[in-house]
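A.B. asks: Structure: upload20.cif, mmCIF, C-alpha atoms (C1' of nucleotides).
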data_query
loop_
_atom_site.label_atom_id
_atom_site.label_comp_id
_atom_site.auth_asym_id
_atom_site.auth_seq_id
_atom_site.Cartn_x
_atom_site.Cartn_y
_atom_site.Cartn_z
CA MET J 1 151.52 -81.04 21.58
CA ARG J 2 155.06 -81.63 20.45
CA LEU J 3 156.05 -83.85 23.36
CA ALA J 4 153.15 -86.17 22.69
CA ARG J 5 154.00 -86.55 19.04
CA VAL J 6 157.65 -87.25 19.64
CA TYR J 7 156.81 -89.68 22.37
CA ASP J 8 154.25 -91.51 20.25
CA LYS J 9 156.81 -92.04 17.56
CA ILE J 10 159.38 -93.32 20.00
CA GLN J 11 156.75 -95.50 21.61
CA ARG J 12 155.78 -97.05 18.31
CA ARG J 13 159.36 -97.62 17.30
CA SER J 14 160.03 -99.22 20.65
CA GLN J 15 156.99 -101.39 20.33
CA GLN J 16 158.10 -102.60 16.93
CA HIS J 17 161.59 -103.10 18.21
CA LEU J 18 160.60 -104.94 21.37
CA ARG J 19 158.35 -107.29 19.49
CA ARG J 20 161.44 -109.10 18.30
CA PHE J 21 161.98 -110.07 21.90
CA GLY J 22 158.33 -111.02 22.35
CA LEU J 23 157.81 -108.12 24.75
CA THR J 24 155.28 -105.34 24.98
CA VAL J 25 156.41 -101.94 26.20
CA SER J 26 154.84 -102.57 29.59
CA GLN J 27 156.51 -105.93 29.88
CA PHE J 28 159.82 -104.38 29.00
CA ASP J 29 159.27 -101.86 31.78
CA VAL J 30 158.67 -104.70 34.21
CA LEU J 31 161.74 -106.55 33.00
CA ALA J 32 163.87 -103.45 33.30
CA GLN J 33 162.62 -102.67 36.80
CA VAL J 34 162.91 -106.16 38.21
CA GLY J 35 166.17 -106.80 36.41
CA SER J 36 167.74 -103.77 38.03
CA ALA J 37 166.25 -104.44 41.46
CA GLU J 38 165.52 -108.09 42.06
CA GLY J 39 163.59 -108.80 45.21
CA LEU J 40 161.17 -106.01 44.48
CA CYS J 41 157.66 -106.71 45.66
CA GLN J 42 154.58 -106.23 43.52
CA GLN J 43 153.34 -103.19 45.37
CA GLU J 44 156.68 -101.43 44.90
CA LEU J 45 156.71 -102.35 41.26
CA ALA J 46 153.21 -100.95 40.82
CA GLU J 47 154.33 -97.66 42.31
CA ARG J 48 157.34 -97.44 40.06
CA LEU J 49 155.31 -98.20 36.96
CA LEU J 50 152.51 -95.88 38.01
CA VAL J 51 149.84 -98.53 37.64
CA THR J 52 147.61 -100.38 40.08
CA LYS J 53 148.62 -103.55 41.84
CA GLY J 54 145.83 -105.37 40.04
CA ASN J 55 147.43 -104.56 36.73
CA VAL J 56 150.83 -105.62 37.97
CA CYS J 57 149.33 -108.91 39.00
CA GLY J 58 148.20 -109.61 35.44
CA LEU J 59 151.48 -108.47 33.99
CA ILE J 60 153.41 -110.79 36.27
CA ASP J 61 151.03 -113.62 35.46
CA ARG J 62 151.84 -113.33 31.78
CA MET J 63 155.55 -112.98 32.30
CA GLU J 64 155.70 -115.82 34.77
CA GLN J 65 153.83 -117.96 32.29
CA ALA J 66 156.36 -116.96 29.64
CA GLY J 67 159.10 -118.24 31.94
CA LEU J 68 160.71 -114.85 32.46
CA MET J 69 160.20 -114.38 36.18
CA VAL J 70 158.99 -115.98 39.38
CA ARG J 71 157.24 -114.90 42.54
CA ARG J 72 159.03 -115.92 45.72
CA PRO J 73 157.26 -115.76 49.06
CA ASP J 74 158.94 -113.50 51.58
CA PRO J 75 159.91 -115.61 54.60
CA GLU J 76 159.26 -112.79 57.05
CA ASP J 77 155.97 -111.40 55.77
CA ARG J 78 153.77 -113.98 54.19
CA ARG J 79 151.66 -111.42 52.40
CA ILE J 80 154.56 -110.40 50.20
CA HIS J 81 155.89 -111.84 46.96
CA ARG J 82 159.43 -110.99 45.98
CA LEU J 83 160.01 -110.84 42.26
CA GLU J 84 162.99 -112.45 40.58
CA LEU J 85 163.99 -113.05 37.02
CA THR J 86 164.58 -116.60 35.84
CA PRO J 87 167.84 -117.34 34.02
CA GLU J 88 165.91 -116.87 30.81
CA GLY J 89 164.54 -113.58 32.10
CA ARG J 90 168.06 -112.43 32.90
CA ARG J 91 169.24 -113.41 29.48
CA LEU J 92 166.45 -111.41 27.91
CA TYR J 93 167.18 -108.50 30.23
CA ALA J 94 170.83 -108.54 29.20
CA GLU J 95 169.78 -108.53 25.58
CA ALA J 96 166.75 -106.27 25.45
CA VAL J 97 167.88 -103.43 27.72
CA PRO J 98 171.03 -102.59 25.76
CA ALA J 99 169.11 -103.00 22.51
CA GLN J 100 166.53 -100.56 23.73
CA GLU J 101 169.19 -98.12 24.85
CA GLN J 102 170.76 -98.37 21.47
CA LEU J 103 167.47 -97.69 19.79
CA ILE J 104 166.99 -94.57 21.88
CA ALA J 105 170.54 -93.50 21.18
CA SER J 106 169.97 -93.90 17.46
CA LEU J 107 166.79 -91.86 17.65
CA LEU J 108 168.62 -89.15 19.56
CA ALA J 109 171.52 -89.24 17.14
CA GLY J 110 170.08 -86.35 15.15
CA LEU J 111 170.83 -84.06 18.06
CA GLU J 112 174.29 -82.89 19.00
CA PRO J 113 175.66 -84.28 22.26
CA GLU J 114 175.21 -80.98 24.03
CA GLU J 115 171.64 -80.79 22.78
CA GLN J 116 170.98 -84.24 24.13
CA ARG J 117 172.28 -83.13 27.49
CA ALA J 118 170.18 -79.99 27.37
CA LEU J 119 167.08 -81.99 26.51
CA HIS J 120 167.74 -84.41 29.30
CA GLY J 121 168.24 -81.61 31.77
CA LEU J 122 165.05 -79.86 30.75
CA LEU J 123 163.06 -83.07 30.99
CA ARG J 124 164.44 -83.76 34.41
CA ARG J 125 163.43 -80.32 35.60
CA LEU J 126 160.03 -80.76 34.03
CA ASP J 127 159.66 -84.15 35.69
CA ARG J 128 160.33 -82.68 39.10
CA SER J 129 158.14 -79.67 38.61
CA ILE J 130 155.25 -81.88 37.54
CA ASP J 131 155.64 -83.92 40.70
CA SER J 132 155.56 -80.90 42.91
CA SER J 133 152.64 -79.28 41.10
CA SER J 134 149.43 -80.09 42.93
CA CYS J 135 148.21 -83.46 44.09
CA LEU J 136 149.21 -86.58 42.26
CA SER J 137 147.95 -89.88 43.55
CA TYR J 138 148.78 -93.21 42.03
CA ARG J 139 147.44 -96.09 43.95
CA MET M 1 164.25 -93.12 29.98
CA ARG M 2 163.45 -89.64 31.08
CA LEU M 3 161.19 -88.78 28.17
CA ALA M 4 159.02 -91.81 28.82
CA ARG M 5 158.58 -90.96 32.47
CA VAL M 6 157.68 -87.36 31.86
CA TYR M 7 155.33 -88.35 29.12
CA ASP M 8 153.61 -90.98 31.22
CA LYS M 9 152.93 -88.45 33.90
CA ILE M 10 151.53 -85.96 31.45
CA GLN M 11 149.49 -88.70 29.83
CA ARG M 12 148.00 -89.72 33.13
CA ARG M 13 147.21 -86.19 34.12
CA SER M 14 145.60 -85.62 30.77
CA GLN M 15 143.59 -88.77 31.09
CA GLN M 16 142.31 -87.73 34.47
CA HIS M 17 141.61 -84.26 33.17
CA LEU M 18 139.86 -85.38 29.98
CA ARG M 19 137.62 -87.76 31.84
CA ARG M 20 135.62 -84.77 32.99
CA PHE M 21 134.68 -84.30 29.38
CA GLY M 22 133.94 -87.98 28.90
CA LEU M 23 136.90 -88.34 26.57
CA THR M 24 139.83 -90.69 26.39
CA VAL M 25 143.17 -89.38 25.21
CA SER M 26 142.70 -90.99 21.80
CA GLN M 27 139.25 -89.53 21.46
CA PHE M 28 140.59 -86.13 22.36
CA ASP M 29 143.16 -86.52 19.62
CA VAL M 30 140.41 -87.30 17.14
CA LEU M 31 138.35 -84.36 18.32
CA ALA M 32 141.33 -82.04 18.07
CA GLN M 33 142.23 -83.23 14.58
CA VAL M 34 138.75 -83.17 13.12
CA GLY M 35 137.89 -79.94 14.90
CA SER M 36 140.83 -78.19 13.34
CA ALA M 37 140.31 -79.71 9.90
CA GLU M 38 136.73 -80.67 9.26
CA GLY M 39 136.16 -82.65 6.10
CA LEU M 40 139.11 -84.88 6.88
CA CYS M 41 138.62 -88.44 5.68
CA GLN M 42 139.27 -91.47 7.83
CA GLN M 43 142.40 -92.52 6.03
CA GLU M 44 143.95 -89.10 6.52
CA LEU M 45 142.97 -89.13 10.16
CA ALA M 46 144.58 -92.53 10.61
CA GLU M 47 147.82 -91.22 9.17
CA ARG M 48 147.81 -88.20 11.44
CA LEU M 49 147.13 -90.27 14.51
CA LEU M 50 149.64 -92.92 13.49
CA VAL M 51 147.16 -95.76 13.80
CA THR M 52 145.50 -98.06 11.31
CA LYS M 53 142.28 -97.25 9.52
CA GLY M 54 140.62 -100.17 11.29
CA ASN M 55 141.29 -98.52 14.61
CA VAL M 56 140.04 -95.20 13.37
CA CYS M 57 136.86 -96.90 12.30
CA GLY M 58 136.21 -98.08 15.84
CA LEU M 59 137.10 -94.73 17.31
CA ILE M 60 134.70 -92.94 14.99
CA ASP M 61 132.00 -95.49 15.77
CA ARG M 62 132.21 -94.67 19.45
CA MET M 63 132.34 -90.94 18.93
CA GLU M 64 129.52 -90.97 16.43
CA GLN M 65 127.48 -92.95 18.89
CA ALA M 66 128.28 -90.36 21.53
CA GLY M 67 126.85 -87.71 19.22
CA LEU M 68 130.13 -85.88 18.74
CA MET M 69 130.70 -86.37 15.03
CA VAL M 70 129.20 -87.67 11.81
CA ARG M 71 130.43 -89.36 8.66
CA ARG M 72 129.35 -87.62 5.47
CA PRO M 73 129.66 -89.36 2.14
CA ASP M 74 131.88 -87.53 -0.33
CA PRO M 75 129.78 -86.67 -3.40
CA GLU M 76 132.69 -87.12 -5.78
CA ASP M 77 134.25 -90.31 -4.47
CA ARG M 78 131.79 -92.67 -2.95
CA ARG M 79 134.44 -94.64 -1.13
CA ILE M 80 135.22 -91.69 1.10
CA HIS M 81 133.66 -90.50 4.33
CA ARG M 82 134.28 -86.91 5.30
CA LEU M 83 134.33 -86.33 9.03
CA GLU M 84 132.51 -83.45 10.67
CA LEU M 85 131.78 -82.48 14.23
CA THR M 86 128.20 -82.11 15.33
CA PRO M 87 127.23 -78.91 17.15
CA GLU M 88 127.79 -80.81 20.36
CA GLY M 89 131.17 -81.97 19.11
CA ARG M 90 132.12 -78.40 18.34
CA ARG M 91 131.00 -77.26 21.74
CA LEU M 92 133.15 -79.92 23.33
CA TYR M 93 136.05 -79.03 21.08
CA ALA M 94 135.78 -75.39 22.09
CA GLU M 95 135.80 -76.42 25.71
CA ALA M 96 138.24 -79.31 25.87
CA VAL M 97 141.04 -78.02 23.66
CA PRO M 98 141.67 -74.82 25.62
CA ALA M 99 141.33 -76.75 28.86
CA GLN M 100 143.93 -79.21 27.66
CA GLU M 101 146.22 -76.40 26.58
CA GLN M 102 145.85 -74.84 29.96
CA LEU M 103 146.71 -78.10 31.65
CA ILE M 104 149.87 -78.40 29.59
CA ALA M 105 150.71 -74.79 30.31
CA SER M 106 150.32 -75.41 34.02
CA LEU M 107 152.54 -78.46 33.84
CA LEU M 108 155.17 -76.47 31.98
CA ALA M 109 154.90 -73.59 34.41
CA GLY M 110 157.82 -74.89 36.42
CA LEU M 111 160.13 -74.01 33.56
CA GLU M 112 161.13 -70.50 32.65
CA PRO M 113 159.70 -69.19 29.39
CA GLU M 114 163.05 -69.45 27.64
CA GLU M 115 163.40 -73.01 28.87
CA GLN M 116 160.00 -73.83 27.47
CA ARG M 117 161.08 -72.45 24.13
CA ALA M 118 164.31 -74.39 24.26
CA LEU M 119 162.47 -77.59 25.09
CA HIS M 120 160.03 -77.05 22.29
CA GLY M 121 162.81 -76.38 19.84
CA LEU M 122 164.71 -79.48 20.83
CA LEU M 123 161.62 -81.63 20.57
CA ARG M 124 160.87 -80.26 17.14
CA ARG M 125 164.37 -81.07 15.99
CA LEU M 126 164.09 -84.51 17.51
CA ASP M 127 160.74 -85.04 15.84
CA ARG M 128 162.18 -84.27 12.44
CA SER M 129 165.31 -86.28 12.91
CA ILE M 130 163.26 -89.30 13.94
CA ASP M 131 161.21 -89.02 10.79
CA SER M 132 164.24 -88.92 8.60
CA SER M 133 166.03 -91.72 10.42
CA SER M 134 165.46 -94.98 8.57
CA CYS M 135 162.20 -96.45 7.42
CA LEU M 136 159.03 -95.60 9.22
CA SER M 137 155.83 -97.08 7.92
CA TYR M 138 152.44 -96.54 9.43
CA ARG M 139 149.71 -98.10 7.46
"C1'" DT R 1 144.36 -103.47 -9.51
"C1'" DA R 2 144.45 -100.04 -5.93
"C1'" DT R 3 142.08 -97.54 -2.40
"C1'" DT R 4 138.50 -96.48 1.35
"C1'" DG R 5 136.27 -98.09 4.70
"C1'" DT R 6 134.30 -102.12 7.42
"C1'" DT R 7 134.36 -106.18 10.07
"C1'" DA R 8 136.26 -109.94 12.85
"C1'" DT R 9 139.63 -111.81 15.97
"C1'" DA R 10 142.53 -111.84 19.58
"C1'" DC R 11 145.46 -109.79 22.89
"C1'" DT R 12 147.21 -106.27 26.07
"C1'" DC R 13 146.52 -102.75 29.05
"C1'" DT R 14 143.75 -100.11 32.10
"C1'" DA R 15 140.48 -98.63 35.97
"C1'" DT R 16 137.57 -100.10 39.44
"C1'" DA R 17 136.28 -102.66 43.05
"C1'" DA R 18 135.36 -106.71 45.81
"C1'" DC R 19 137.81 -110.35 47.85
"C1'" DT R 20 141.62 -113.36 50.67
"C1'" DA R 21 145.25 -113.89 53.67
"C1'" DT R 22 148.14 -112.09 56.38
"C1'" DA R 23 149.89 -108.44 59.69
"C1'" DT S 1 142.23 -102.01 60.75
"C1'" DA S 2 145.61 -101.86 57.32
"C1'" DT S 3 148.38 -104.01 53.77
"C1'" DA S 4 149.78 -107.38 49.82
"C1'" DG S 5 148.10 -109.68 46.55
"C1'" DT S 6 144.22 -111.79 43.77
"C1'" DT S 7 140.24 -111.98 41.02
"C1'" DA S 8 136.39 -110.28 38.23
"C1'" DT S 9 134.42 -107.05 35.17
"C1'" DA S 10 134.23 -104.03 31.63
"C1'" DG S 11 136.02 -101.03 28.33
"C1'" DA S 12 139.50 -99.02 25.31
"C1'" DG S 13 143.15 -99.42 22.23
"C1'" DT S 14 145.95 -102.02 19.17
"C1'" DA S 15 147.66 -105.20 15.29
"C1'" DT S 16 146.38 -108.10 11.81
"C1'" DA S 17 143.93 -109.64 8.18
"C1'" DA S 18 140.05 -110.63 5.27
"C1'" DC S 19 136.27 -108.33 3.08
"C1'" DA S 20 132.96 -105.02 0.24
"C1'" DA S 21 132.31 -101.12 -2.47
"C1'" DT S 22 134.20 -98.00 -5.43
"C1'" DA S 23 137.71 -96.00 -8.38
#
Before anything else, please render the file you have as structure tokens.
C.D. replies:
Amino acid sequence: MRLARVYDKIQRRSQQHLRRFGLTVSQFDVLAQVGSAEGLCQQELAERLLVTKGNVCGLIDRMEQAGLMVRRPDPEDRRIHRLELTPEGRRLYAEAVPAQEQLIASLLAGLEPEEQRALHGLLRRLDRSIDSSSCLSYR
Amino acid sequence: MRLARVYDKIQRRSQQHLRRFGLTVSQFDVLAQVGSAEGLCQQELAERLLVTKGNVCGLIDRMEQAGLMVRRPDPEDRRIHRLELTPEGRRLYAEAVPAQEQLIASLLAGLEPEEQRALHGLLRRLDRSIDSSSCLSYR
DNA sequence: TATTGTTATACTCTATAACTATA
DNA sequence: TATAGTTATAGAGTATAACAATA
């Protein structure tokens, strides 16, 4: 499976790359999601990351402990925690996200710009067609 | 990152799918590699899977315990273990690999045949260009 | 000395499921 | 009853590094 192999390589490079920031790939995903949509609640985050809320809970625990984010109680619904980045979390976001984009760009650099666009377009179509194909339930 | 999202979905589907066979994705990878190249040694397998030999050791332990494969000492170099599938491993290989291919085919079905070819070609080019871009060391 | 494989440690992620507190 | 979050459990995968046997 070609896609798997390419992805594994990118994943490993990313991992290596993100370690400089003290982040795992999953933690980077959290940072990227919360950084681009502060006020997100844990349930929403779980859905976006395609993992369970239990897992999100542990992820947030570790990142809160690392001083990157905080849980804020929602004043209107006391079951909900809104997620926000700390100043340090925002600093890391501002640093790590562009660095990651640059890494991806450098990995894609072997393709011509129009090939990159073609690849992106095909992946988008594939993404949608996977969603519509049969039942897919993430809790 | 489009590639990551698409891959995650495929990964999750595969996981779900492979569970019927009692396999994790990593174990499937081992089965597929050894099944297509019996006599492989652990070091070679580690390189193909892009993980360390320590990890391979654990993977093999679990799969040997599950009765799917065996380590055979190499008569010429007593440091080496050659990996072979048991009859049950081969049966599973013959069952799981086509099933996995069919799953992938069904996920790709939303794309036209020429789009599938185009995607494959782009991924192959990307794969190669990643390899050649800067240092990449898997131990 | 270098290589193959093993072992040990520690951490992250994951699924699953029971639990609480709110709604 | 349903939802948001928590906790507990168990297992898998991973990196790292020290180790034994063999070359």
A.B. asks: Output, as a PDB file with C-alpha atoms, in the coordinates of the input, the coordinates of chain J following least-squares superposition onto chain M across all in-order C-alpha pairs.
C.D. replies:
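See part_30.pdb below for the written result:
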ATOM      1  CA  MET J   1     164.291 -93.059  30.022  1.00  0.00           C
ATOM      2  CA  ARG J   2     163.479 -89.562  31.150  1.00  0.00           C
ATOM      3  CA  LEU J   3     161.237 -88.700  28.215  1.00  0.00           C
ATOM      4  CA  ALA J   4     159.086 -91.734  28.855  1.00  0.00           C
ATOM      5  CA  ARG J   5     158.614 -90.915  32.501  1.00  0.00           C
ATOM      6  CA  VAL J   6     157.706 -87.312  31.897  1.00  0.00           C
ATOM      7  CA  TYR J   7     155.362 -88.289  29.138  1.00  0.00           C
ATOM      8  CA  ASP J   8     153.662 -90.958  31.233  1.00  0.00           C
ATOM      9  CA  LYS J   9     152.950 -88.439  33.920  1.00  0.00           C
ATOM     10  CA  ILE J  10     151.548 -85.945  31.469  1.00  0.00           C
ATOM     11  CA  GLN J  11     149.547 -88.696  29.830  1.00  0.00           C
ATOM     12  CA  ARG J  12     148.019 -89.763  33.111  1.00  0.00           C
ATOM     13  CA  ARG J  13     147.226 -86.225  34.118  1.00  0.00           C
ATOM     14  CA  SER J  14     145.628 -85.645  30.751  1.00  0.00           C
ATOM     15  CA  GLN J  15     143.639 -88.809  31.042  1.00  0.00           C
ATOM     16  CA  GLN J  16     142.326 -87.779  34.429  1.00  0.00           C
ATOM     17  CA  HIS J  17     141.634 -84.322  33.147  1.00  0.00           C
ATOM     18  CA  LEU J  18     139.893 -85.414  29.965  1.00  0.00           C
ATOM     19  CA  ARG J  19     137.659 -87.803  31.815  1.00  0.00           C
ATOM     20  CA  ARG J  20     135.655 -84.828  32.987  1.00  0.00           C
ATOM     21  CA  PHE J  21     134.696 -84.340  29.377  1.00  0.00           C
ATOM     22  CA  GLY J  22     133.970 -88.039  28.911  1.00  0.00           C
ATOM     23  CA  LEU J  23     136.923 -88.382  26.545  1.00  0.00           C
ATOM     24  CA  THR J  24     139.851 -90.742  26.344  1.00  0.00           C
ATOM     25  CA  VAL J  25     143.192 -89.409  25.165  1.00  0.00           C
ATOM     26  CA  SER J  26     142.696 -91.008  21.766  1.00  0.00           C
ATOM     27  CA  GLN J  27     139.246 -89.540  21.439  1.00  0.00           C
ATOM     28  CA  PHE J  28     140.586 -86.145  22.341  1.00  0.00           C
ATOM     29  CA  ASP J  29     143.166 -86.539  19.590  1.00  0.00           C
ATOM     30  CA  VAL J  30     140.395 -87.302  17.126  1.00  0.00           C
ATOM     31  CA  LEU J  31     138.352 -84.350  18.318  1.00  0.00           C
ATOM     32  CA  ALA J  32     141.324 -82.039  18.057  1.00  0.00           C
ATOM     33  CA  GLN J  33     142.217 -83.234  14.565  1.00  0.00           C
ATOM     34  CA  VAL J  34     138.732 -83.149  13.115  1.00  0.00           C
ATOM     35  CA  GLY J  35     137.879 -79.936  14.911  1.00  0.00           C
ATOM     36  CA  SER J  36     140.829 -78.186  13.328  1.00  0.00           C
ATOM     37  CA  ALA J  37     140.288 -79.706   9.889  1.00  0.00           C
ATOM     38  CA  GLU J  38     136.695 -80.651   9.245  1.00  0.00           C
ATOM     39  CA  GLY J  39     136.138 -82.613   6.085  1.00  0.00           C
ATOM     40  CA  LEU J  40     139.058 -84.865   6.845  1.00  0.00           C
ATOM     41  CA  CYS J  41     138.581 -88.408   5.652  1.00  0.00           C
ATOM     42  CA  GLN J  42     139.219 -91.458   7.794  1.00  0.00           C
ATOM     43  CA  GLN J  43     142.348 -92.512   5.978  1.00  0.00           C
ATOM     44  CA  GLU J  44     143.901 -89.074   6.473  1.00  0.00           C
ATOM     45  CA  LEU J  45     142.939 -89.106  10.102  1.00  0.00           C
ATOM     46  CA  ALA J  46     144.539 -92.517  10.554  1.00  0.00           C
ATOM     47  CA  GLU J  47     147.774 -91.201   9.104  1.00  0.00           C
ATOM     48  CA  ARG J  48     147.789 -88.188  11.360  1.00  0.00           C
ATOM     49  CA  LEU J  49     147.115 -90.265  14.448  1.00  0.00           C
ATOM     50  CA  LEU J  50     149.609 -92.920  13.422  1.00  0.00           C
ATOM     51  CA  VAL J  51     147.118 -95.744  13.758  1.00  0.00           C
ATOM     52  CA  THR J  52     145.432 -98.075  11.294  1.00  0.00           C
ATOM     53  CA  LYS J  53     142.228 -97.252   9.498  1.00  0.00           C
ATOM     54  CA  GLY J  54     140.557-100.148  11.273  1.00  0.00           C
ATOM     55  CA  ASN J  55     141.232 -98.509  14.595  1.00  0.00           C
ATOM     56  CA  VAL J  56     139.986 -95.176  13.346  1.00  0.00           C
ATOM     57  CA  CYS J  57     136.803 -96.867  12.276  1.00  0.00           C
ATOM     58  CA  GLY J  58     136.130 -98.043  15.827  1.00  0.00           C
ATOM     59  CA  LEU J  59     137.057 -94.704  17.294  1.00  0.00           C
ATOM     60  CA  ILE J  60     134.653 -92.911  14.989  1.00  0.00           C
ATOM     61  CA  ASP J  61     131.960 -95.456  15.763  1.00  0.00           C
ATOM     62  CA  ARG J  62     132.159 -94.637  19.447  1.00  0.00           C
ATOM     63  CA  MET J  63     132.294 -90.912  18.936  1.00  0.00           C
ATOM     64  CA  GLU J  64     129.479 -90.926  16.433  1.00  0.00           C
ATOM     65  CA  GLN J  65     127.425 -92.924  18.886  1.00  0.00           C
ATOM     66  CA  ALA J  66     128.242 -90.345  21.550  1.00  0.00           C
ATOM     67  CA  GLY J  67     126.828 -87.681  19.239  1.00  0.00           C
ATOM     68  CA  LEU J  68     130.123 -85.872  18.760  1.00  0.00           C
ATOM     69  CA  MET J  69     130.665 -86.346  15.045  1.00  0.00           C
ATOM     70  CA  VAL J  70     129.177 -87.643  11.826  1.00  0.00           C
ATOM     71  CA  ARG J  71     130.395 -89.319   8.676  1.00  0.00           C
ATOM     72  CA  ARG J  72     129.308 -87.587   5.487  1.00  0.00           C
ATOM     73  CA  PRO J  73     129.611 -89.338   2.147  1.00  0.00           C
ATOM     74  CA  ASP J  74     131.796 -87.522  -0.345  1.00  0.00           C
ATOM     75  CA  PRO J  75     129.667 -86.674  -3.388  1.00  0.00           C
ATOM     76  CA  GLU J  76     132.549 -87.150  -5.806  1.00  0.00           C
ATOM     77  CA  ASP J  77     134.117 -90.354  -4.514  1.00  0.00           C
ATOM     78  CA  ARG J  78     131.654 -92.707  -2.966  1.00  0.00           C
ATOM     79  CA  ARG J  79     134.314 -94.664  -1.149  1.00  0.00           C
ATOM     80  CA  ILE J  80     135.135 -91.713   1.066  1.00  0.00           C
ATOM     81  CA  HIS J  81     133.581 -90.477   4.291  1.00  0.00           C
ATOM     82  CA  ARG J  82     134.208 -86.895   5.285  1.00  0.00           C
ATOM     83  CA  LEU J  83     134.280 -86.314   9.007  1.00  0.00           C
ATOM     84  CA  GLU J  84     132.477 -83.438  10.672  1.00  0.00           C
ATOM     85  CA  LEU J  85     131.777 -82.482  14.226  1.00  0.00           C
ATOM     86  CA  THR J  86     128.185 -82.106  15.365  1.00  0.00           C
ATOM     87  CA  PRO J  87     127.232 -78.899  17.180  1.00  0.00           C
ATOM     88  CA  GLU J  88     127.778 -80.804  20.393  1.00  0.00           C
ATOM     89  CA  GLY J  89     131.159 -81.974  19.140  1.00  0.00           C
ATOM     90  CA  ARG J  90     132.107 -78.390  18.357  1.00  0.00           C
ATOM     91  CA  ARG J  91     131.019 -77.277  21.767  1.00  0.00           C
ATOM     92  CA  LEU J  92     133.163 -79.946  23.357  1.00  0.00           C
ATOM     93  CA  TYR J  93     136.051 -79.040  21.072  1.00  0.00           C
ATOM     94  CA  ALA J  94     135.782 -75.401  22.106  1.00  0.00           C
ATOM     95  CA  GLU J  95     135.813 -76.455  25.724  1.00  0.00           C
ATOM     96  CA  ALA J  96     138.247 -79.346  25.877  1.00  0.00           C
ATOM     97  CA  VAL J  97     141.041 -78.045  23.642  1.00  0.00           C
ATOM     98  CA  PRO J  98     141.670 -74.855  25.615  1.00  0.00           C
ATOM     99  CA  ALA J  99     141.337 -76.802  28.858  1.00  0.00           C
ATOM    100  CA  GLN J 100     143.940 -79.230  27.663  1.00  0.00           C
ATOM    101  CA  GLU J 101     146.230 -76.428  26.575  1.00  0.00           C
ATOM    102  CA  GLN J 102     145.849 -74.882  29.954  1.00  0.00           C
ATOM    103  CA  LEU J 103     146.703 -78.129  31.637  1.00  0.00           C
ATOM    104  CA  ILE J 104     149.870 -78.419  29.583  1.00  0.00           C
ATOM    105  CA  ALA J 105     150.719 -74.813  30.300  1.00  0.00           C
ATOM    106  CA  SER J 106     150.311 -75.412  34.014  1.00  0.00           C
ATOM    107  CA  LEU J 107     152.538 -78.465  33.844  1.00  0.00           C
ATOM    108  CA  LEU J 108     155.157 -76.474  31.968  1.00  0.00           C
ATOM    109  CA  ALA J 109     154.867 -73.589  34.390  1.00  0.00           C
ATOM    110  CA  GLY J 110     157.814 -74.859  36.412  1.00  0.00           C
ATOM    111  CA  LEU J 111     160.089 -73.969  33.530  1.00  0.00           C
ATOM    112  CA  GLU J 112     161.062 -70.444  32.608  1.00  0.00           C
ATOM    113  CA  PRO J 113     159.631 -69.152  29.333  1.00  0.00           C
ATOM    114  CA  GLU J 114     162.972 -69.402  27.601  1.00  0.00           C
ATOM    115  CA  GLU J 115     163.359 -72.957  28.849  1.00  0.00           C
ATOM    116  CA  GLN J 116     159.970 -73.818  27.458  1.00  0.00           C
ATOM    117  CA  ARG J 117     161.040 -72.448  24.113  1.00  0.00           C
ATOM    118  CA  ALA J 118     164.298 -74.358  24.267  1.00  0.00           C
ATOM    119  CA  LEU J 119     162.475 -77.573  25.100  1.00  0.00           C
ATOM    120  CA  HIS J 120     160.053 -77.053  22.283  1.00  0.00           C
ATOM    121  CA  GLY J 121     162.847 -76.383  19.846  1.00  0.00           C
ATOM    122  CA  LEU J 122     164.771 -79.465  20.883  1.00  0.00           C
ATOM    123  CA  LEU J 123     161.688 -81.642  20.603  1.00  0.00           C
ATOM    124  CA  ARG J 124     160.957 -80.299  17.177  1.00  0.00           C
ATOM    125  CA  ARG J 125     164.464 -81.100  16.026  1.00  0.00           C
ATOM    126  CA  LEU J 126     164.209 -84.524  17.587  1.00  0.00           C
ATOM    127  CA  ASP J 127     160.866 -85.091  15.887  1.00  0.00           C
ATOM    128  CA  ARG J 128     162.333 -84.328  12.495  1.00  0.00           C
ATOM    129  CA  SER J 129     165.462 -86.337  13.017  1.00  0.00           C
ATOM    130  CA  ILE J 130     163.415 -89.355  14.058  1.00  0.00           C
ATOM    131  CA  ASP J 131     161.392 -89.081  10.875  1.00  0.00           C
ATOM    132  CA  SER J 132     164.437 -88.977   8.700  1.00  0.00           C
ATOM    133  CA  SER J 133     166.207 -91.799  10.525  1.00  0.00           C
ATOM    134  CA  SER J 134     165.610 -95.048   8.682  1.00  0.00           C
ATOM    135  CA  CYS J 135     162.332 -96.464   7.482  1.00  0.00           C
ATOM    136  CA  LEU J 136     159.137 -95.654   9.276  1.00  0.00           C
ATOM    137  CA  SER J 137     155.933 -97.106   7.947  1.00  0.00           C
ATOM    138  CA  TYR J 138     152.542 -96.478   9.429  1.00  0.00           C
ATOM    139  CA  ARG J 139     149.769 -97.983   7.474  1.00  0.00           C
TER     140      ARG J 139
END
A.B. asks: Apply the PyMOL selection byres ((chain M and resi 84) around 10) to the file shown and report the selected residues as a list in words.
C.D. replies: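 Listing what the PyMOL selection byres ((chain M and resi 84) around 10) selects in the shown file: Leu31, Val34, Gly35, Ala37, Glu38, Gly39, Leu40, Cys41, Glu64, Leu68, Met69, Val70, Arg71, Arg72, His81, Arg82, Leu83, Leu85, Thr86, Pro87, Gly89 and Arg90 of chain M.
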A.B. asks: One number please: atom CA of M:Pro98 to atom CA of M:Gly110, in Å, one decimal.
C.D. replies: 19.4 Å
A.B. asks: Hey, what's within 12 Å of S:DG11 if we count all atoms listed in the file and toss same-chain stuff fewer than 5 positions away? As a ChimeraX atom specification, please?
C.D. replies: /M:24,62 /R:13-16
